[in-house]
$ cat my_file-v6.pdb   # PDB, C-alpha atoms, pLDDT in the B column
ATOM      1  CA  MET S  11      -1.542 -15.429 166.680  1.00 48.00           C
ATOM      2  CA  ASP S  12       1.857 -14.629 168.192  1.00 53.00           C
ATOM      3  CA  LEU S  13       1.813 -17.849 170.191  1.00 54.00           C
ATOM      4  CA  LEU S  14       1.230 -19.931 167.074  1.00 54.00           C
ATOM      5  CA  MET S  15       4.029 -18.160 165.259  1.00 53.00           C
ATOM      6  CA  TRP S  16       6.543 -19.010 168.016  1.00 51.00           C
ATOM      7  CA  THR S  17       5.586 -22.687 168.034  1.00 55.00           C
ATOM      8  CA  ARG S  18       6.280 -23.090 164.320  1.00 56.00           C
ATOM      9  CA  LEU S  19       9.648 -21.351 164.124  1.00 50.00           C
ATOM     10  CA  PRO S  20      12.764 -23.280 165.125  1.00 60.00           C
ATOM     11  CA  LEU S  21      14.492 -21.519 167.965  1.00 61.00           C
ATOM     12  CA  PRO S  22      18.131 -20.692 167.299  1.00 69.00           C
ATOM     13  CA  MET S  23      20.719 -22.320 169.530  1.00 72.00           C
ATOM     14  CA  ASP S  24      23.315 -20.171 171.167  1.00 82.00           C
ATOM     15  CA  SER S  25      26.975 -20.983 170.753  1.00 85.00           C
ATOM     16  CA  LEU S  26      27.309 -22.229 174.357  1.00 88.00           C
ATOM     17  CA  THR S  27      24.665 -24.925 173.772  1.00 89.00           C
ATOM     18  CA  ILE S  28      26.374 -26.024 170.561  1.00 89.00           C
ATOM     19  CA  ALA S  29      29.763 -26.126 172.301  1.00 90.00           C
ATOM     20  CA  LEU S  30      28.266 -28.231 175.107  1.00 91.00           C
ATOM     21  CA  LEU S  31      26.724 -30.645 172.582  1.00 92.00           C
ATOM     22  CA  LEU S  32      30.105 -31.079 170.909  1.00 91.00           C
ATOM     23  CA  LEU S  33      31.941 -31.368 174.238  1.00 93.00           C
ATOM     24  CA  PHE S  34      29.593 -34.009 175.626  1.00 94.00           C
ATOM     25  CA  GLY S  35      29.654 -35.854 172.313  1.00 93.00           C
ATOM     26  CA  LEU S  36      33.441 -36.059 172.510  1.00 91.00           C
ATOM     27  CA  LEU S  37      33.304 -37.070 176.176  1.00 92.00           C
ATOM     28  CA  PHE S  38      30.908 -39.908 175.375  1.00 91.00           C
ATOM     29  CA  LEU S  39      33.220 -41.050 172.570  1.00 88.00           C
ATOM     30  CA  VAL S  40      36.192 -40.926 174.956  1.00 85.00           C
ATOM     31  CA  ALA S  41      34.249 -43.067 177.410  1.00 87.00           C
ATOM     32  CA  GLU S  42      33.320 -45.532 174.645  1.00 84.00           C
ATOM     33  CA  ILE S  43      36.749 -45.847 173.068  1.00 78.00           C
ATOM     34  CA  ILE S  44      39.096 -45.644 176.042  1.00 74.00           C
ATOM     35  CA  PHE S  45      37.233 -46.528 179.237  1.00 77.00           C
ATOM     36  CA  ILE S  46      34.340 -48.882 178.373  1.00 78.00           C
ATOM     37  CA  PRO S  47      34.927 -50.261 174.878  1.00 72.00           C
ATOM     38  CA  GLY S  48      32.382 -52.522 173.310  1.00 72.00           C
ATOM     39  CA  THR S  49      29.227 -51.067 174.854  1.00 72.00           C
ATOM     40  CA  THR S  50      28.209 -49.335 171.582  1.00 81.00           C
ATOM     41  CA  VAL S  51      25.319 -47.412 173.204  1.00 90.00           C
ATOM     42  CA  VAL S  52      27.631 -44.831 174.746  1.00 89.00           C
ATOM     43  CA  GLY S  53      29.425 -44.399 171.424  1.00 88.00           C
ATOM     44  CA  LEU S  54      26.155 -43.978 169.528  1.00 91.00           C
ATOM     45  CA  VAL S  55      24.989 -41.325 172.006  1.00 93.00           C
ATOM     46  CA  GLY S  56      28.316 -39.528 171.609  1.00 92.00           C
ATOM     47  CA  PHE S  57      28.090 -39.685 167.828  1.00 92.00           C
ATOM     48  CA  GLY S  58      24.498 -38.398 167.974  1.00 94.00           C
ATOM     49  CA  LEU S  59      25.502 -35.472 170.189  1.00 94.00           C
ATOM     50  CA  LEU S  60      28.370 -34.592 167.837  1.00 94.00           C
ATOM     51  CA  ALA S  61      26.093 -34.772 164.798  1.00 94.00           C
ATOM     52  CA  ALA S  62      23.468 -32.602 166.510  1.00 93.00           C
ATOM     53  CA  GLY S  63      26.093 -30.053 167.529  1.00 93.00           C
ATOM     54  CA  VAL S  64      27.493 -29.837 164.000  1.00 93.00           C
ATOM     55  CA  TRP S  65      24.003 -29.615 162.491  1.00 93.00           C
ATOM     56  CA  PHE S  66      22.981 -26.816 164.872  1.00 91.00           C
ATOM     57  CA  ALA S  67      26.269 -25.050 164.139  1.00 91.00           C
ATOM     58  CA  TYR S  68      25.501 -25.092 160.400  1.00 91.00           C
ATOM     59  CA  ARG S  69      21.946 -23.960 160.984  1.00 89.00           C
ATOM     60  CA  ASP S  70      22.507 -21.206 163.545  1.00 87.00           C
ATOM     61  CA  LEU S  71      26.132 -20.084 163.252  1.00 87.00           C
ATOM     62  CA  GLY S  72      26.606 -20.251 159.503  1.00 88.00           C
ATOM     63  CA  SER S  73      28.363 -22.498 157.062  1.00 90.00           C
ATOM     64  CA  ASN S  74      31.895 -21.253 157.793  1.00 91.00           C
ATOM     65  CA  THR S  75      31.583 -22.008 161.506  1.00 89.00           C
ATOM     66  CA  GLY S  76      29.819 -25.281 160.668  1.00 90.00           C
ATOM     67  CA  HIS S  77      32.718 -26.326 158.421  1.00 92.00           C
ATOM     68  CA  ILE S  78      35.259 -25.490 161.128  1.00 92.00           C
ATOM     69  CA  LEU S  79      33.349 -27.420 163.803  1.00 91.00           C
ATOM     70  CA  LEU S  80      32.786 -30.374 161.473  1.00 92.00           C
ATOM     71  CA  VAL S  81      36.492 -30.659 160.652  1.00 95.00           C
ATOM     72  CA  ALA S  82      37.451 -30.182 164.309  1.00 93.00           C
ATOM     73  CA  SER S  83      34.958 -32.858 165.410  1.00 93.00           C
ATOM     74  CA  LEU S  84      36.190 -35.300 162.768  1.00 93.00           C
ATOM     75  CA  ALA S  85      39.814 -34.645 163.723  1.00 94.00           C
ATOM     76  CA  ALA S  86      39.097 -35.104 167.438  1.00 91.00           C
ATOM     77  CA  THR S  87      37.139 -38.299 166.769  1.00 88.00           C
ATOM     78  CA  GLY S  88      39.925 -39.658 164.564  1.00 90.00           C
ATOM     79  CA  LEU S  89      42.496 -38.859 167.241  1.00 89.00           C
ATOM     80  CA  LEU S  90      40.382 -40.627 169.884  1.00 83.00           C
ATOM     81  CA  VAL S  91      40.007 -43.706 167.709  1.00 80.00           C
ATOM     82  CA  TYR S  92      43.755 -43.723 167.013  1.00 84.00           C
ATOM     83  CA  ILE S  93      44.586 -43.449 170.728  1.00 80.00           C
ATOM     84  CA  GLY S  94      42.014 -46.073 171.675  1.00 75.00           C
ATOM     85  CA  LEU S  95      43.130 -48.613 169.069  1.00 75.00           C
ATOM     86  CA  ARG S  96      46.874 -48.441 169.696  1.00 76.00           C
ATOM     87  CA  PRO S  97      48.303 -51.856 170.649  1.00 73.00           C
ATOM     88  CA  LYS S  98      49.441 -50.592 174.051  1.00 75.00           C
ATOM     89  CA  ASN S  99      45.903 -49.498 174.920  1.00 68.00           C
ATOM     90  CA  LEU S 100      44.320 -52.619 173.468  1.00 66.00           C
ATOM     91  CA  ALA S 101      46.617 -54.806 175.560  1.00 70.00           C
ATOM     92  CA  ARG S 102      45.035 -53.393 178.728  1.00 68.00           C
ATOM     93  CA  ILE S 103      41.580 -54.646 177.789  1.00 66.00           C
ATOM     94  CA  ALA S 104      42.310 -57.623 175.523  1.00 69.00           C
ATOM     95  CA  LEU S 105      42.955 -61.176 176.621  1.00 73.00           C
ATOM     96  CA  ASN S 106      46.564 -61.908 175.709  1.00 77.00           C
ATOM     97  CA  ASP S 107      47.265 -65.030 177.757  1.00 80.00           C
ATOM     98  CA  VAL S 108      47.478 -68.341 175.960  1.00 84.00           C
ATOM     99  CA  ASN S 109      45.901 -71.331 177.664  1.00 82.00           C
ATOM    100  CA  ASN S 110      48.054 -74.395 176.978  1.00 84.00           C
ATOM    101  CA  SER S 111      46.267 -76.721 179.370  1.00 82.00           C
ATOM    102  CA  HIS S 112      43.989 -79.558 178.386  1.00 76.00           C
ATOM    103  CA  VAL S 113      40.902 -81.266 179.702  1.00 76.00           C
ATOM    104  CA  ARG S 114      40.912 -84.970 180.395  1.00 66.00           C
ATOM    105  CA  ASP S 115      38.432 -86.643 178.079  1.00 66.00           C
ATOM    106  CA  ALA S 116      36.340 -89.095 180.078  1.00 62.00           C
ATOM    107  CA  ARG S 117      35.801 -91.182 176.955  1.00 63.00           C
ATOM    108  CA  LEU S 118      39.528 -91.877 176.706  1.00 63.00           C
ATOM    109  CA  PRO S 119      40.790 -93.619 179.851  1.00 70.00           C
ATOM    110  CA  ASP S 120      44.115 -92.457 181.203  1.00 77.00           C
ATOM    111  CA  VAL S 121      44.687 -95.832 182.925  1.00 87.00           C
ATOM    112  CA  LEU S 122      44.906 -98.605 180.338  1.00 89.00           C
ATOM    113  CA  PRO S 123      44.171-102.316 180.878  1.00 92.00           C
ATOM    114  CA  GLY S 124      47.276-104.078 182.142  1.00 94.00           C
ATOM    115  CA  THR S 125      48.519-101.106 184.172  1.00 94.00           C
ATOM    116  CA  THR S 126      49.589-102.009 187.701  1.00 96.00           C
ATOM    117  CA  GLY S 127      49.226 -99.980 190.872  1.00 96.00           C
ATOM    118  CA  ARG S 128      49.102-100.266 194.664  1.00 96.00           C
ATOM    119  CA  THR S 129      45.925-100.018 196.729  1.00 96.00           C
ATOM    120  CA  LEU S 130      45.774 -97.112 199.172  1.00 96.00           C
ATOM    121  CA  SER S 131      42.650 -98.422 200.856  1.00 95.00           C
ATOM    122  CA  ALA S 132      41.027-101.807 201.142  1.00 95.00           C
ATOM    123  CA  LEU S 133      38.906-102.668 198.109  1.00 95.00           C
ATOM    124  CA  ARG S 134      35.525-103.937 199.420  1.00 93.00           C
ATOM    125  CA  PRO S 135      34.930-104.158 196.396  1.00 92.00           C
ATOM    126  CA  ALA S 136      35.587-100.452 195.681  1.00 95.00           C
ATOM    127  CA  GLY S 137      38.433 -98.267 196.924  1.00 95.00           C
ATOM    128  CA  THR S 138      41.412 -96.146 195.942  1.00 96.00           C
ATOM    129  CA  VAL S 139      44.484 -97.232 193.994  1.00 96.00           C
ATOM    130  CA  LEU S 140      47.655 -95.269 193.234  1.00 95.00           C
ATOM    131  CA  PHE S 141      48.802 -95.675 189.608  1.00 94.00           C
ATOM    132  CA  GLU S 142      52.267 -94.068 189.453  1.00 90.00           C
ATOM    133  CA  GLU S 143      51.255 -90.591 190.750  1.00 88.00           C
ATOM    134  CA  ASP S 144      47.528 -90.696 189.977  1.00 87.00           C
ATOM    135  CA  ARG S 145      44.900 -91.661 192.539  1.00 92.00           C
ATOM    136  CA  ARG S 146      41.859 -93.391 191.034  1.00 92.00           C
ATOM    137  CA  GLU S 147      38.688 -94.875 192.410  1.00 93.00           C
ATOM    138  CA  VAL S 148      38.516 -98.509 191.309  1.00 95.00           C
ATOM    139  CA  THR S 149      36.379-101.574 191.862  1.00 95.00           C
ATOM    140  CA  THR S 150      37.015-105.306 191.871  1.00 95.00           C
ATOM    141  CA  ARG S 151      34.856-108.107 190.473  1.00 93.00           C
ATOM    142  CA  GLY S 152      33.490-108.629 193.962  1.00 91.00           C
ATOM    143  CA  GLU S 153      36.500-109.893 195.901  1.00 93.00           C
ATOM    144  CA  TYR S 154      38.141-108.209 198.890  1.00 94.00           C
ATOM    145  CA  VAL S 155      41.657-106.801 198.399  1.00 95.00           C
ATOM    146  CA  ALA S 156      43.658-105.549 201.393  1.00 95.00           C
ATOM    147  CA  ALA S 157      45.342-102.112 201.472  1.00 95.00           C
ATOM    148  CA  GLY S 158      48.904-102.055 200.122  1.00 95.00           C
ATOM    149  CA  THR S 159      48.295-104.887 197.665  1.00 95.00           C
ATOM    150  CA  GLU S 160      49.515-104.660 194.089  1.00 96.00           C
ATOM    151  CA  VAL S 161      46.637-104.720 191.559  1.00 97.00           C
ATOM    152  CA  ARG S 162      46.322-104.847 187.773  1.00 96.00           C
ATOM    153  CA  VAL S 163      43.658-103.151 185.608  1.00 95.00           C
ATOM    154  CA  LEU S 164      41.445-105.708 183.874  1.00 95.00           C
ATOM    155  CA  ARG S 165      39.122-103.413 181.914  1.00 93.00           C
ATOM    156  CA  ILE S 166      37.307-100.078 181.874  1.00 90.00           C
ATOM    157  CA  GLU S 167      33.493-100.338 182.144  1.00 88.00           C
ATOM    158  CA  HIS S 168      31.459 -97.116 181.830  1.00 82.00           C
ATOM    159  CA  ASN S 169      34.067 -94.953 183.585  1.00 81.00           C
ATOM    160  CA  ARG S 170      34.740 -97.648 186.186  1.00 89.00           C
ATOM    161  CA  ILE S 171      38.203 -99.152 186.477  1.00 93.00           C
ATOM    162  CA  VAL S 172      37.963-102.875 187.237  1.00 95.00           C
ATOM    163  CA  VAL S 173      41.066-104.383 188.891  1.00 96.00           C
ATOM    164  CA  GLU S 174      42.278-107.713 190.271  1.00 95.00           C
ATOM    165  CA  SER S 175      45.067-108.445 192.686  1.00 95.00           C
ATOM    166  CA  VAL S 176      48.409-109.513 191.237  1.00 93.00           C
ATOM    167  CA  VAL S 177      49.494-112.786 192.805  1.00 79.00           C
TER     168      VAL S 177
END

$ encode --input "my_file-v6.pdb" --output "structure tokens"
Amino acid sequence: MDLLMWTRLPLPMDSLTIALLLLFGLLFLVAEIIFIPGTTVVGLVGFGLLAAGVWFAYRDLGSNTGHILLVASLAATGLLVYIGLRPKNLARIALNDVNNSHVRDARLPDVLPGTTGRTLSALRPAGTVLFEEDRREVTTRGEYVAAGTEVRVLRIEHNRIVVESVV
């Protein structure tokens, strides 16, 4: 009969266990807010430990002590959130750089028909041409063009630049 009685009664927590619950709850919140923000799991574990510590404090240490620990936990959590969300701290983990570059759209040719350039290699019928400062792979309509010859863009066909020699 004594064994059954002990299994049904909730065992009281001592104040050291409650203090450790609150301490580890705050430490998990510190880890969530300051060191590894965005993981959510660590923050939920910390919040759960704080809630359990406050609940056990109300149950085993009385309502006055429970009120004090609740207010202290809320104040410490608010302070942690304030420290973690300050702009100086957010700047360490946030992406602040602006990317002003662009990507060349293959659908819009950067070498227009009529543009002239000089061949860097012989076109047999394909090769390399220098248009101002841009090197491009080009092709002819089938004719051979020697290296160093001036060429003109005839048309763009499916990402191919078709050129002819300028006479």

$ resolve_selection --input "my_file-v6.pdb" --expression "the PyMOL selection byres ((chain S and resi 161) around 8)" --output "ChimeraX atom specification"
/S:126-129,159-160,162-163,173-176

$ residues_around --input "my_file-v6.pdb" --residues "Thr27 (chain S)" --least-positions-apart "3" --cutoff "12 Å" --atoms "only C-alpha atoms" --output "JSON, numbers by chain"
{"S": [22, 23, 24, 30, 31, 32, 33, 34, 59, 60, 62, 63, 64, 66, 67, 70, 71]}

$ write_last_selection --input "my_file-v6.pdb" --atoms "C-alpha atoms" --output "compact mmCIF listing (two decimals), in the coordinates of the input"
# COMPACT_ATOMS: atom_id res chain seq x y z
CA PRO S 22 18.13 -20.69 167.30
CA MET S 23 20.72 -22.32 169.53
CA ASP S 24 23.32 -20.17 171.17
CA LEU S 30 28.27 -28.23 175.11
CA LEU S 31 26.72 -30.64 172.58
CA LEU S 32 30.10 -31.08 170.91
CA LEU S 33 31.94 -31.37 174.24
CA PHE S 34 29.59 -34.01 175.63
CA LEU S 59 25.50 -35.47 170.19
CA LEU S 60 28.37 -34.59 167.84
CA ALA S 62 23.47 -32.60 166.51
CA GLY S 63 26.09 -30.05 167.53
CA VAL S 64 27.49 -29.84 164.00
CA PHE S 66 22.98 -26.82 164.87
CA ALA S 67 26.27 -25.05 164.14
CA ASP S 70 22.51 -21.21 163.54
CA LEU S 71 26.13 -20.08 163.25

$ residues_around --input "my_file-v6.pdb" --residues "Arg145 (chain S)" --least-positions-apart "4" --cutoff "12 Å" --atoms "only C-alpha atoms" --output "NGL selection string"
:S and (120-121 or 127-131 or 137-141 or 171)

$ closest_residue --input "my_file-v6.pdb" --among "S:Ala157, S:Leu105, S:Ala41, S:Leu95" --to "Gly56 (chain S)" --atoms "all atoms listed in the file"
S:Ala41

$ atom_distance --input "my_file-v6.pdb" --atom1 "CA of Glu42 (chain S)" --atom2 "CA of Thr75 (chain S)"
27.0 Å

$ closest_residue --input "my_file-v6.pdb" --among "S:Leu37, S:Glu143, S:Leu164, S:Ile44" --to "Ile93 (chain S)" --atoms "all atoms listed in the file"
S:Ile44

$ atom_distance --input "my_file-v6.pdb" --atom1 "CA of Ile43 (chain S)" --atom2 "CA of Ile78 (chain S)"
23.6 Å

$ atom_distance --input "my_file-v6.pdb" --atom1 "CA of Val40 (chain S)" --atom2 "CA of Gly53 (chain S)"
8.4 Å

$ closest_residue --input "my_file-v6.pdb" --among "S:Leu133, S:Ala29, S:Val155, S:Val177" --to "Gly76 (chain S)" --atoms "all atoms listed in the file"
S:Ala29

$ closest_residue --input "my_file-v6.pdb" --among "S:Leu36, S:Asn109, S:Gly58, S:Thr50" --to "Ala82 (chain S)" --atoms "all atoms listed in the file"
S:Leu36

$ residues_around --input "my_file-v6.pdb" --residues "Pro119 (chain S)" --least-positions-apart "4" --cutoff "12 Å" --atoms "all atoms listed in the file" --output "PyMOL selection string"
chain S and resi 114-115+123+125+146+163+165-171

$ resolve_selection --input "my_file-v6.pdb" --expression "the PyMOL selection byres ((chain S and resi 134) around 10)" --output "ChimeraX atom specification"
/S:131-133,135-137,149-156

$ build_atoms --input "my_file-v6.pdb" --residues "region 147-158 of chain S" --atoms "all heavy atoms" --output "PDB file, in the coordinates of the input"
ATOM      1  N   GLU S 147      39.680 -94.020 191.772  1.00 93.00           N
ATOM      2  CA  GLU S 147      38.688 -94.875 192.410  1.00 93.00           C
ATOM      3  C   GLU S 147      38.502 -96.099 191.511  1.00 93.00           C
ATOM      4  O   GLU S 147      38.282 -95.951 190.304  1.00 93.00           O
ATOM      5  CB  GLU S 147      37.362 -94.134 192.563  1.00 93.00           C
ATOM      6  CG  GLU S 147      37.417 -92.980 193.541  1.00 93.00           C
ATOM      7  CD  GLU S 147      37.694 -93.430 194.969  1.00 93.00           C
ATOM      8  OE1 GLU S 147      37.127 -94.444 195.403  1.00 93.00           O
ATOM      9  OE2 GLU S 147      38.505 -92.766 195.633  1.00 93.00           O
ATOM     10  N   VAL S 148      38.603 -97.267 192.085  1.00 95.00           N
ATOM     11  CA  VAL S 148      38.516 -98.509 191.309  1.00 95.00           C
ATOM     12  C   VAL S 148      37.522 -99.449 191.985  1.00 95.00           C
ATOM     13  O   VAL S 148      37.068 -99.200 193.111  1.00 95.00           O
ATOM     14  CB  VAL S 148      39.886 -99.213 191.176  1.00 95.00           C
ATOM     15  CG1 VAL S 148      40.897 -98.317 190.482  1.00 95.00           C
ATOM     16  CG2 VAL S 148      40.389 -99.659 192.534  1.00 95.00           C
ATOM     17  N   THR S 149      37.230-100.528 191.302  1.00 95.00           N
ATOM     18  CA  THR S 149      36.379-101.574 191.862  1.00 95.00           C
ATOM     19  C   THR S 149      36.931-102.932 191.440  1.00 95.00           C
ATOM     20  O   THR S 149      37.642-103.045 190.439  1.00 95.00           O
ATOM     21  CB  THR S 149      34.918-101.404 191.394  1.00 95.00           C
ATOM     22  OG1 THR S 149      34.105-102.347 192.055  1.00 95.00           O
ATOM     23  CG2 THR S 149      34.775-101.564 189.910  1.00 95.00           C
ATOM     24  N   THR S 150      36.619-103.944 192.230  1.00 95.00           N
ATOM     25  CA  THR S 150      37.015-105.306 191.871  1.00 95.00           C
ATOM     26  C   THR S 150      35.793-106.029 191.314  1.00 95.00           C
ATOM     27  O   THR S 150      34.702-105.459 191.253  1.00 95.00           O
ATOM     28  CB  THR S 150      37.551-106.059 193.099  1.00 95.00           C
ATOM     29  OG1 THR S 150      36.492-106.198 194.045  1.00 95.00           O
ATOM     30  CG2 THR S 150      38.726-105.331 193.723  1.00 95.00           C
ATOM     31  N   ARG S 151      35.980-107.301 190.972  1.00 93.00           N
ATOM     32  CA  ARG S 151      34.856-108.107 190.473  1.00 93.00           C
ATOM     33  C   ARG S 151      34.005-108.644 191.617  1.00 93.00           C
ATOM     34  O   ARG S 151      33.094-109.422 191.403  1.00 93.00           O
ATOM     35  CB  ARG S 151      35.367-109.258 189.621  1.00 93.00           C
ATOM     36  CG  ARG S 151      35.978-108.780 188.322  1.00 93.00           C
ATOM     37  CD  ARG S 151      36.553-109.909 187.548  1.00 93.00           C
ATOM     38  NE  ARG S 151      37.729-110.399 188.315  1.00 93.00           N
ATOM     39  CZ  ARG S 151      38.518-111.356 187.919  1.00 93.00           C
ATOM     40  NH1 ARG S 151      38.283-111.986 186.790  1.00 93.00           N
ATOM     41  NH2 ARG S 151      39.543-111.718 188.635  1.00 93.00           N
ATOM     42  N   GLY S 152      34.268-108.196 192.815  1.00 91.00           N
ATOM     43  CA  GLY S 152      33.490-108.629 193.962  1.00 91.00           C
ATOM     44  C   GLY S 152      34.353-109.122 195.100  1.00 91.00           C
ATOM     45  O   GLY S 152      33.884-109.279 196.224  1.00 91.00           O
ATOM     46  N   GLU S 153      35.632-109.366 194.855  1.00 93.00           N
ATOM     47  CA  GLU S 153      36.500-109.893 195.901  1.00 93.00           C
ATOM     48  C   GLU S 153      37.077-108.769 196.760  1.00 93.00           C
ATOM     49  O   GLU S 153      37.140-107.612 196.344  1.00 93.00           O
ATOM     50  CB  GLU S 153      37.628-110.759 195.311  1.00 93.00           C
ATOM     51  CG  GLU S 153      38.592-110.061 194.401  1.00 93.00           C
ATOM     52  CD  GLU S 153      38.185-110.093 192.934  1.00 93.00           C
ATOM     53  OE1 GLU S 153      37.082-110.524 192.595  1.00 93.00           O
ATOM     54  OE2 GLU S 153      39.004-109.651 192.135  1.00 93.00           O
ATOM     55  N   TYR S 154      37.504-109.128 197.950  1.00 94.00           N
ATOM     56  CA  TYR S 154      38.141-108.209 198.890  1.00 94.00           C
ATOM     57  C   TYR S 154      39.636-108.180 198.620  1.00 94.00           C
ATOM     58  O   TYR S 154      40.267-109.221 198.445  1.00 94.00           O
ATOM     59  CB  TYR S 154      37.879-108.674 200.327  1.00 94.00           C
ATOM     60  CG  TYR S 154      38.648-107.897 201.362  1.00 94.00           C
ATOM     61  CD1 TYR S 154      38.198-106.680 201.804  1.00 94.00           C
ATOM     62  CD2 TYR S 154      39.837-108.399 201.886  1.00 94.00           C
ATOM     63  CE1 TYR S 154      38.893-105.963 202.760  1.00 94.00           C
ATOM     64  CE2 TYR S 154      40.554-107.691 202.835  1.00 94.00           C
ATOM     65  CZ  TYR S 154      40.075-106.475 203.268  1.00 94.00           C
ATOM     66  OH  TYR S 154      40.767-105.755 204.202  1.00 94.00           O
ATOM     67  N   VAL S 155      40.211-106.954 198.581  1.00 95.00           N
ATOM     68  CA  VAL S 155      41.657-106.801 198.399  1.00 95.00           C
ATOM     69  C   VAL S 155      42.140-105.889 199.516  1.00 95.00           C
ATOM     70  O   VAL S 155      41.608-104.788 199.719  1.00 95.00           O
ATOM     71  CB  VAL S 155      41.997-106.194 197.009  1.00 95.00           C
ATOM     72  CG1 VAL S 155      43.498-105.995 196.862  1.00 95.00           C
ATOM     73  CG2 VAL S 155      41.454-107.059 195.888  1.00 95.00           C
ATOM     74  N   ALA S 156      43.146-106.316 200.256  1.00 95.00           N
ATOM     75  CA  ALA S 156      43.658-105.549 201.393  1.00 95.00           C
ATOM     76  C   ALA S 156      44.441-104.320 200.909  1.00 95.00           C
ATOM     77  O   ALA S 156      44.927-104.257 199.770  1.00 95.00           O
ATOM     78  CB  ALA S 156      44.558-106.444 202.242  1.00 95.00           C
ATOM     79  N   ALA S 157      44.574-103.324 201.775  1.00 95.00           N
ATOM     80  CA  ALA S 157      45.342-102.112 201.472  1.00 95.00           C
ATOM     81  C   ALA S 157      46.807-102.469 201.300  1.00 95.00           C
ATOM     82  O   ALA S 157      47.339-103.342 201.992  1.00 95.00           O
ATOM     83  CB  ALA S 157      45.164-101.092 202.580  1.00 95.00           C
ATOM     84  N   GLY S 158      47.490-101.821 200.379  1.00 95.00           N
ATOM     85  CA  GLY S 158      48.904-102.055 200.122  1.00 95.00           C
ATOM     86  C   GLY S 158      49.175-103.185 199.166  1.00 95.00           C
ATOM     87  O   GLY S 158      50.327-103.513 198.887  1.00 95.00           O
TER      88      GLY S 158
END
